[in-house]
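Report on the following structure.
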2 protein chains.
Amino acid sequence: MRAASQSVRYLNELRALDVLFREGAMSRADLARALGLNRSTTGSIVSTLLAESLAVERPVNKNGEPRAQTGRPGIEVELNPGGALFIGAEIEVEQLTVVAIDLTGRLIRRESAAFPAGSVQPEKSAARIARMIEALMLASPDPSRVRGICVAAPTLVEAGVARLGLLLNWRDVPIGELIRERLHAPLPVLVENDANAFAIAETYSGNSRSVGTVAFVVIESGAGGGIVSDGRLFRGSGGMAGEFGHLRMGGIGYAPGGAGMLESYIGRDAVLARYRHHGGSSEATIPAILQSLESGEPAAMRTATDWGKWLARGLSHIVNLLNPGLVIIGGSVGRIYSFVANEVEAAVRAELRSERQMPRIEMSELGDEGPALGAALILHQRMFSVDERAIFPKGGARGLIRMAGV
Amino acid sequence: MRAASQSVRYLNELRALDVLFREGAMSRADLARALGLNRSTTGSIVSTLLAESLAVERPVNKNGEPRAQTGRPGIEVELNPGGALFIGAEIEVEQLTVVAIDLTGRLIRRESAAFPAGSVQPEKSAARIARMIEALMLASPDPSRVRGICVAAPTLVEAGVARLGLLLNWRDVPIGELIRERLHAPLPVLVENDANAFAIAETYSGNSRSVGTVAFVVIESGAGGGIVSDGRLFRGSGGMAGEFGHLRMGGIGYAPGGAGMLESYIGRDAVLARYRHHGGSSEATIPAILQSLESGEPAAMRTATDWGKWLARGLSHIVNLLNPGLVIIGGSVGRIYSFVANEVEAAVRAELRSERQMPRIEMSELGDEGPALGAALILHQRMFSVDERAIFPKGGARGLIRMAGV
DNA sequence: TTTGTTTGTTGTGGCCCCATACAAAACCAG
DNA sequence: CTGGTTTTGTATGGGGCCACAACAAACAAA
């Protein structure tokens with residue numbers, strides 16, 4: 001048990017890391033001002049971080065630009081990128097992906113392998129993932145710096161167990177445990193829903209955190225999503241919050257069998273069916289339709305217009321219930337959005353009661369590595385967040401801690 | 001500024017209060033075990049709480065039941081109910097309500113007054129509310145124990161300002177400030193949306209907190225709501241999350257002018273219109289229709305059936321996007337639910353993709369005083385929550401602190 | 001009465017932060 | 001080049017808080 005007197009130190013070290021992460025290199029004196037701590041205290045904290053290799057002193061550049069300030073120049077301290085590594089993985093139906101990021105959150109490695117995870121036993125996938133992770137670790141300069149592993153998969157996740165993954169044919173698969181016991185190093189293995197991980201990846205950097213609530217929508221064969229509020233995932237009671245594609249829109253949908261769920265209007269099969277309905281080729285693929293949109297082909301344009309109409313209706317529900325400041329649209333099918341952005345925005349606006357509710361709507365900027373990257377970033381976020389169990393000796397604080405300002 | 005070394009003490013005092021609130025009277029030794037602190041430390045904390053009148057020693061009852069344990073009996077310590085008071089208020093279109101609760105969260109006083117808040121200047125309402133508050137304080141045994149005031153009103157609230165309240169004809173009314181400057185005692189005055197306050201009142205006690213996410217739906221002339229996740233309000237980016245009644249359902253609604261929003265299907269006017277449509281009296285009121293439902297009158301039953309159908313569709317959107325573990329239905333029109341509970345539950349279940357998503361659905365147990373009580377409870381919750389600004393000297397922690405267990 | 005158990009309190013030591021002092025490292029004016 | 005100014009980084013003493021240990025008090029059981 002951490003001695004209580006050290007709790008303050010733990011918090012302050014974490015805050016120092018957080019400031020260095022967000023604001024980059026700075027002197028001890030600047031850090032002290034940012035933290036509101038005494039210079040001497042900050043010096044002590046920095047020396048601890050240096051000793052743990054989480055921070056480094058940046059060599060002074062004598063020939064640099066003339067300094068604006070007078071007085072003795074400070075020695076800049078910054079995060080040591082290699083001070084910690086976080087491994088993220090994604091399990092898809094036909095592919096496995098493993099990535100590594102460093103302490104600054106930068107992607108430093110990425111490996112993918114074709115693998116029929118959708119049709120083999122979960123143990124086989126776990127074994128292959130574990131091998132890929134170990135290969136990644138061996139290739140890194142210091143494997144002992146790896147802080148943990150997080151696996152994203154297209155399943156409902158509860159307490160580290162993949163409860164239900166229809167695409168993978170999984171039911172109650174303790175995938176984290178299966179991977180952990182196949183690793184030689186004793187590392188924590190987390191599990192997260194792939195859309196949630198993607199949402200974290202999309203919102204982790206940049207100013208999204210200040211926006212408050214971000215709704216992330218990913219459209220592939222189905223339509224899923226994640227809700228991020230103040231940088232944290234909103235999971236709902238059963239981890240199924242943000243199941244955007246399951247909204248019942250009335251009607252029967254464009255794709256058969258969808259029972260009028262939104263994804264039966266805007267998912268991959270729906271787009272292909274609607275494209276055929278408008279006279280497009282019956283062999284078309286989503287990339288082909290995107291190509292046709294570039295050239296303004298009428299069937300593709302009409303398909304996109306229909307798609308945007310239903311997307312807007314779904315978004316209006318998101319906006320009314322969640323009031324996000326930003327909506328991010330991702331997934332390969334989601335790319336259609338860029339061709340109907342104006343229409344969709346206008347339609348969403350028309351469905352709302354107040355202009356105040358209208359969120360910014362943007363396209364995702366990440367590619368296929370989104371979920372794996374997000375999984376790694378979840379670990380990064382954990383390292384930069386206070387673990388209440390480390391402060392409070394027993395029983396935790398039961399959500400005692402409240403955000404400032406409310 | 002609080003010295004950093006006192007931050008731990010602050011946290012531990014708060015944790016002690018929290019344990020005493022949740023688990024009731026206990027000895028210092030029991031408290032020490034609950035907190036994971038040393039008995040001596042706990043004794044010091046308790047003596048502080050006693051000195052501040054936040055806790056009291058319960059007199060030993062010699063003639064009580066035989067103790068189960070051996071050893072020296074402890075002196076039970078419990079919250080001192082009168083140690084702190086919290087005042088909540090509600091502004092309705094034609095009525096003002098003020099309540100007071102004590103440190104244990106119990107309602108100790110309630111005053112209502114007819115007042116045309118919907119048609120007078122906000123300053124008049126503020127003056128009247130301030131007078132009611134001061135009367136309440138004078139009637140309490142120790143006015144100096146009042147910790148703050150929170151006002152619930154049917155408006156969008158941003159930073160303590162009532163941005164938009166159509167019912168009251170308010171726009172950018174700093175109602176908190178208006179009340180504060182009319183009080184003789186310098187007390188903080190918070191402002192909260194009435195539905196949000198109601199949601200807090202409904203979820204604050206009991207086991208709702210462990211359920212995770214609770215969606216509270218209140219149906220009167222319109223349909224509003226609040227989302228409470230782990231005991232805290234989910235507000236969205238602009239404070240408009242949970243605007244349940246604005247969901248666009250398609251069609252035109254039962255009540256004219258609602259443009260197919262859910263509240264034009266299940267709000268008061270919609271119910272009355274539908275009742276007439278089914279042959280009911282054109283002078284009927286909601287209480288009358290509820291009476292007719294008791295006796296099984298066909299027009300009323302058909303009205304309720306239609307109402308339940310649309311309610312279920314709206315609830316399915318809530319469930320898909322928020323995945324609450326519990327849905328609470330309140331408001332005078334919401335009482336119809338009890339007559340169609342089975343049908344609504346079945347309909348919601350039919351709209352969902354997975355039984356896992358199905359929440360419990362309950363009726364609100366609070367009456368008219370819900371919003372005012374919730375407002376007071378928001379202050380209570382604040383007192384029992386860590387203010388990060390009190391721990392971190394400067395700049396706060398920017399959401400650094402993360403809940404344990406995730 | 002004696003023994004054992006648990007409670008509440010009192011001292012002691014360690015850790016952490018703050019305030020203060022001081023040397024070091026720049027810039028600037030002359 | 002020299003002295004003054006400003007800022008940085010570090011060392012030192014003091015105070016607050018918690019853990020640990022010791023002890024008297026209060027009760028039950030033998």
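Lettering and numbering for the structure tokens are positional, with chains as A, B, ... in the shown order, residues counted from 1 in each chain, and ligands counted from 1 in the shown order.
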Can you write out as JSON lines which residues of chain D fall within 10 Å of chain B, alongside each residue's closest atom pair and its distance in Å to one decimal, counting only C-alpha atoms (C1' of nucleotides) and ordering rows by chain and ascending residue number?
{"residue": "D:DG15", "atom": "C1'", "partner": "B:Ser5", "partner_atom": "CA", "distance": 9.4}
{"residue": "D:DG16", "atom": "C1'", "partner": "B:Ser5", "partner_atom": "CA", "distance": 6.0}
{"residue": "D:DC17", "atom": "C1'", "partner": "B:Ser5", "partner_atom": "CA", "distance": 6.7}
{"residue": "D:DC18", "atom": "C1'", "partner": "B:Thr41", "partner_atom": "CA", "distance": 6.6}
{"residue": "D:DA19", "atom": "C1'", "partner": "B:Asn38", "partner_atom": "CA", "distance": 6.9}
{"residue": "D:DC20", "atom": "C1'", "partner": "B:Asn38", "partner_atom": "CA", "distance": 9.0}
{"residue": "D:DA25", "atom": "C1'", "partner": "B:Arg72", "partner_atom": "CA", "distance": 7.8}
{"residue": "D:DA26", "atom": "C1'", "partner": "B:Arg72", "partner_atom": "CA", "distance": 4.6}
{"residue": "D:DC27", "atom": "C1'", "partner": "B:Arg72", "partner_atom": "CA", "distance": 4.9}
{"residue": "D:DA28", "atom": "C1'", "partner": "B:Thr70", "partner_atom": "CA", "distance": 5.7}
{"residue": "D:DA29", "atom": "C1'", "partner": "B:Thr70", "partner_atom": "CA", "distance": 9.1}
Worksheet item: Could you pull out all residues of range 85-245 of chain A with a DSSP call of alpha helix (DSSP H) and give them as a VMD selection string?
Response: chain A and resid 122 to 139 175 to 180 194 to 204 208 to 211
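Taking CA of Leu262 in chain A as the reference point, CA of Gly224 in chain B is found at 24.0 Å.
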Restrict the calculation to only C-alpha atoms (C1' of nucleotides), then for each residue of chain C with any atom at most 7 Å from an atom of chain A give the closest atom pair and their distance in Å to one decimal, rows by chain and rising residue number, as JSON lines.
{"residue": "C:DC15", "atom": "C1'", "partner": "A:Ser5", "partner_atom": "CA", "distance": 6.0}
{"residue": "C:DC16", "atom": "C1'", "partner": "A:Ser5", "partner_atom": "CA", "distance": 6.7}
{"residue": "C:DC17", "atom": "C1'", "partner": "A:Thr41", "partner_atom": "CA", "distance": 6.7}
{"residue": "C:DC18", "atom": "C1'", "partner": "A:Asn38", "partner_atom": "CA", "distance": 6.8}
{"residue": "C:DA25", "atom": "C1'", "partner": "A:Arg72", "partner_atom": "CA", "distance": 4.6}
{"residue": "C:DA26", "atom": "C1'", "partner": "A:Arg72", "partner_atom": "CA", "distance": 4.4}
{"residue": "C:DC27", "atom": "C1'", "partner": "A:Thr70", "partner_atom": "CA", "distance": 5.6}
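Between chain A and the candidates B:Ser112, B:Ser53, B:Asn12, B:Thr305, the tightest atom-to-atom separation, counting only C-alpha atoms, involves B:Asn12.
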Skipping near chain neighbours, those fewer than 5 positions away, what residues fall within 8 Å of range 95-103 of chain A using only C-alpha atoms (C1' of nucleotides), listed as number ranges by chain? A: 54, 79-90, 108-117, 129, 132-133, 136, 369, 372-373, 376-377, 380
**Message:** With DSSP run on the backbone, what are the strand (DSSP E or B) residues within range 41-133 of chain B? I'd like them as a VMD selection string.
**Reply:** chain B and resid 55 to 57 77 to 79 85 to 91 95 to 102 107 to 114
Would you export the selected residues with C-alpha atoms as a PDB file, in the first residue's frame, please?
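Produced file selection_7.pdb, reproduced below:
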ATOM      1  CA  ALA B  55     -20.414  14.821  13.123  1.00  0.00           C
ATOM      2  CA  VAL B  56     -21.604  13.964  16.601  1.00  0.00           C
ATOM      3  CA  GLU B  57     -20.973  11.168  19.050  1.00  0.00           C
ATOM      4  CA  VAL B  77     -19.993   8.595  15.483  1.00  0.00           C
ATOM      5  CA  GLU B  78     -22.545   9.785  12.950  1.00  0.00           C
ATOM      6  CA  LEU B  79     -23.296  12.766  10.772  1.00  0.00           C
ATOM      7  CA  LEU B  85     -28.161  22.883   5.446  1.00  0.00           C
ATOM      8  CA  PHE B  86     -28.733  23.107   1.726  1.00  0.00           C
ATOM      9  CA  ILE B  87     -31.480  25.125   0.125  1.00  0.00           C
ATOM     10  CA  GLY B  88     -33.065  24.182  -3.162  1.00  0.00           C
ATOM     11  CA  ALA B  89     -35.558  26.203  -5.115  1.00  0.00           C
ATOM     12  CA  GLU B  90     -37.669  25.700  -8.175  1.00  0.00           C
ATOM     13  CA  ILE B  91     -39.074  28.325 -10.460  1.00  0.00           C
ATOM     14  CA  GLN B  95     -45.277  28.759  -8.713  1.00  0.00           C
ATOM     15  CA  LEU B  96     -42.126  29.104  -6.655  1.00  0.00           C
ATOM     16  CA  THR B  97     -40.907  26.399  -4.320  1.00  0.00           C
ATOM     17  CA  VAL B  98     -38.153  26.439  -1.736  1.00  0.00           C
ATOM     18  CA  VAL B  99     -36.926  23.453   0.242  1.00  0.00           C
ATOM     19  CA  ALA B 100     -34.199  22.797   2.783  1.00  0.00           C
ATOM     20  CA  ILE B 101     -32.378  19.551   3.412  1.00  0.00           C
ATOM     21  CA  ASP B 102     -29.912  18.671   6.124  1.00  0.00           C
ATOM     22  CA  LEU B 107     -36.010  17.129   3.559  1.00  0.00           C
ATOM     23  CA  ILE B 108     -36.651  19.331   6.582  1.00  0.00           C
ATOM     24  CA  ARG B 109     -38.722  22.149   5.167  1.00  0.00           C
ATOM     25  CA  ARG B 110     -40.738  22.981   2.081  1.00  0.00           C
ATOM     26  CA  GLU B 111     -42.575  26.153   1.105  1.00  0.00           C
ATOM     27  CA  SER B 112     -44.486  26.892  -2.071  1.00  0.00           C
ATOM     28  CA  ALA B 113     -46.104  30.065  -3.240  1.00  0.00           C
ATOM     29  CA  ALA B 114     -48.181  30.907  -6.268  1.00  0.00           C
TER      30      ALA B 114
END
Exercise: range 187-199 of chain A partners within 8 Å, only C-alpha atoms (C1' of nucleotides), chain neighbours under 6 positions left out, as an MDAnalysis selection string | chainID A and resid 90 147:157 160:162 175:177 179:180 215:216 218 224:228 233 370:375 378
Quick one: write out the picked residues with C-alpha atoms as a short mmCIF file (atom, residue, chain, number, x, y, z; two decimals), in the first residue's frame?
data_model
loop_
_atom_site.label_atom_id
_atom_site.label_comp_id
_atom_site.auth_asym_id
_atom_site.auth_seq_id
_atom_site.Cartn_x
_atom_site.Cartn_y
_atom_site.Cartn_z
CA GLU A 90 -6.87 -4.91 -33.15
CA ARG A 147 3.70 -0.68 -19.82
CA GLY A 148 0.82 -2.72 -21.08
CA ILE A 149 -1.28 -4.05 -23.91
CA CYS A 150 -4.78 -3.19 -24.98
CA VAL A 151 -6.74 -5.19 -27.52
CA ALA A 152 -9.58 -3.78 -29.57
CA ALA A 153 -12.09 -6.17 -30.99
CA PRO A 154 -15.56 -5.97 -32.54
CA THR A 155 -17.27 -7.24 -29.42
CA LEU A 156 -19.17 -6.06 -26.43
CA VAL A 157 -16.67 -5.87 -23.60
CA GLY A 160 -12.05 -7.43 -19.78
CA VAL A 161 -14.12 -10.24 -21.25
CA ALA A 162 -15.47 -10.23 -24.79
CA ILE A 175 -9.45 -12.65 -24.72
CA GLY A 176 -7.30 -10.49 -22.48
CA GLU A 177 -6.53 -13.41 -20.23
CA ILE A 179 -3.28 -13.29 -24.55
CA ARG A 180 -1.75 -12.48 -21.19
CA ALA A 215 -19.85 11.45 -30.82
CA PHE A 216 -17.83 9.20 -33.07
CA VAL A 218 -18.02 4.56 -37.78
CA GLY A 224 -21.21 1.61 -34.62
CA GLY A 225 -19.76 4.33 -32.57
CA GLY A 226 -18.35 5.64 -29.37
CA ILE A 227 -19.14 8.56 -27.13
CA VAL A 228 -16.28 10.46 -25.55
CA LEU A 233 -15.55 6.95 -22.84
CA GLY A 370 -7.51 3.68 -35.78
CA PRO A 371 -8.74 1.00 -33.38
CA ALA A 372 -5.29 -0.41 -32.63
CA LEU A 373 -3.91 3.06 -32.14
CA GLY A 374 -6.84 3.93 -29.91
CA ALA A 375 -6.24 0.82 -27.86
CA ILE A 378 -6.18 4.08 -23.85
#
Min atom-atom distance to chain A from the set B:Met301, B:Ala270, B:Leu164, B:Leu247, counting only C-alpha atoms, belongs to B:Leu247
Of A:Pro324, A:Gly367, A:Pro287, A:Gly280, the one sitting nearest Ile336 in chain A when using only C-alpha atoms is A:Pro287
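Going from CA of Glu294 in chain A to CA of Val333 in chain A covers 14.5 Å.
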List every residue of range 220-312 of chain B that has an atom at most 12 Å from any atom of range 311-316 of chain A, and for each one report the closest atom pair and its distance in Å to one decimal, counting only C-alpha atoms, with rows sorted by chain and then by increasing residue number, as CSV.
residue,atom,partner,partner_atom,distance
B:Glu243,CA,A:Ser316,CA,11.1
B:Phe244,CA,A:Ser316,CA,11.4
B:His246,CA,A:Ser316,CA,9.3
B:Leu247,CA,A:Ser316,CA,7.5
B:Arg248,CA,A:Ser316,CA,7.7
B:Met249,CA,A:Arg313,CA,9.5
B:Gly250,CA,A:Arg313,CA,9.7
B:Met261,CA,A:Ser316,CA,11.3
| Which residues come within 12 Å of DA29 in chain C, counting only C-alpha atoms (C1' of nucleotides), excluding same-chain residues fewer than 2 positions away, as a PyMOL selection string? | (chain C and resi 27) or (chain D and resi 2-5)
Save out the residues we just selected, N, CA and C atoms (P, O5', C5', C4', C3', O3' and C1' of nucleotides), as a CSV table (one decimal), in the first residue's frame.
chain,number,residue,atom,x,y,z
C,27,DC,P,22.8,36.2,-23.2
C,27,DC,O5',22.1,37.5,-22.6
C,27,DC,C5',20.7,37.5,-22.3
C,27,DC,C4',20.4,38.9,-21.7
C,27,DC,C3',20.9,40.1,-22.5
C,27,DC,O3',19.8,41.0,-22.6
C,27,DC,C1',21.6,40.2,-20.2
D,2,DT,P,37.3,42.9,-15.5
D,2,DT,O5',36.1,43.8,-15.0
D,2,DT,C5',36.2,45.2,-14.9
D,2,DT,C4',35.0,45.8,-14.3
D,2,DT,C3',34.4,45.0,-13.2
D,2,DT,O3',34.0,45.8,-12.1
D,2,DT,C1',32.8,45.4,-14.8
D,3,DG,P,33.7,45.1,-10.7
D,3,DG,O5',32.2,45.7,-10.3
D,3,DG,C5',31.9,47.0,-10.4
D,3,DG,C4',30.4,47.2,-10.7
D,3,DG,C3',29.5,46.5,-9.7
D,3,DG,O3',28.5,47.4,-9.3
D,3,DG,C1',28.9,45.9,-11.9
D,4,DG,P,27.5,46.9,-8.1
D,4,DG,O5',26.1,46.8,-8.9
D,4,DG,C5',25.6,47.9,-9.7
D,4,DG,C4',24.4,47.6,-10.5
D,4,DG,C3',23.3,46.9,-9.6
D,4,DG,O3',22.0,47.4,-10.0
D,4,DG,C1',23.9,45.5,-11.5
D,5,DT,P,20.7,46.9,-9.1
D,5,DT,O5',20.1,45.9,-10.2
D,5,DT,C5',19.9,46.3,-11.5
D,5,DT,C4',19.2,45.3,-12.3
D,5,DT,C3',18.1,44.5,-11.6
D,5,DT,O3',16.9,44.4,-12.3
D,5,DT,C1',19.6,43.0,-12.6
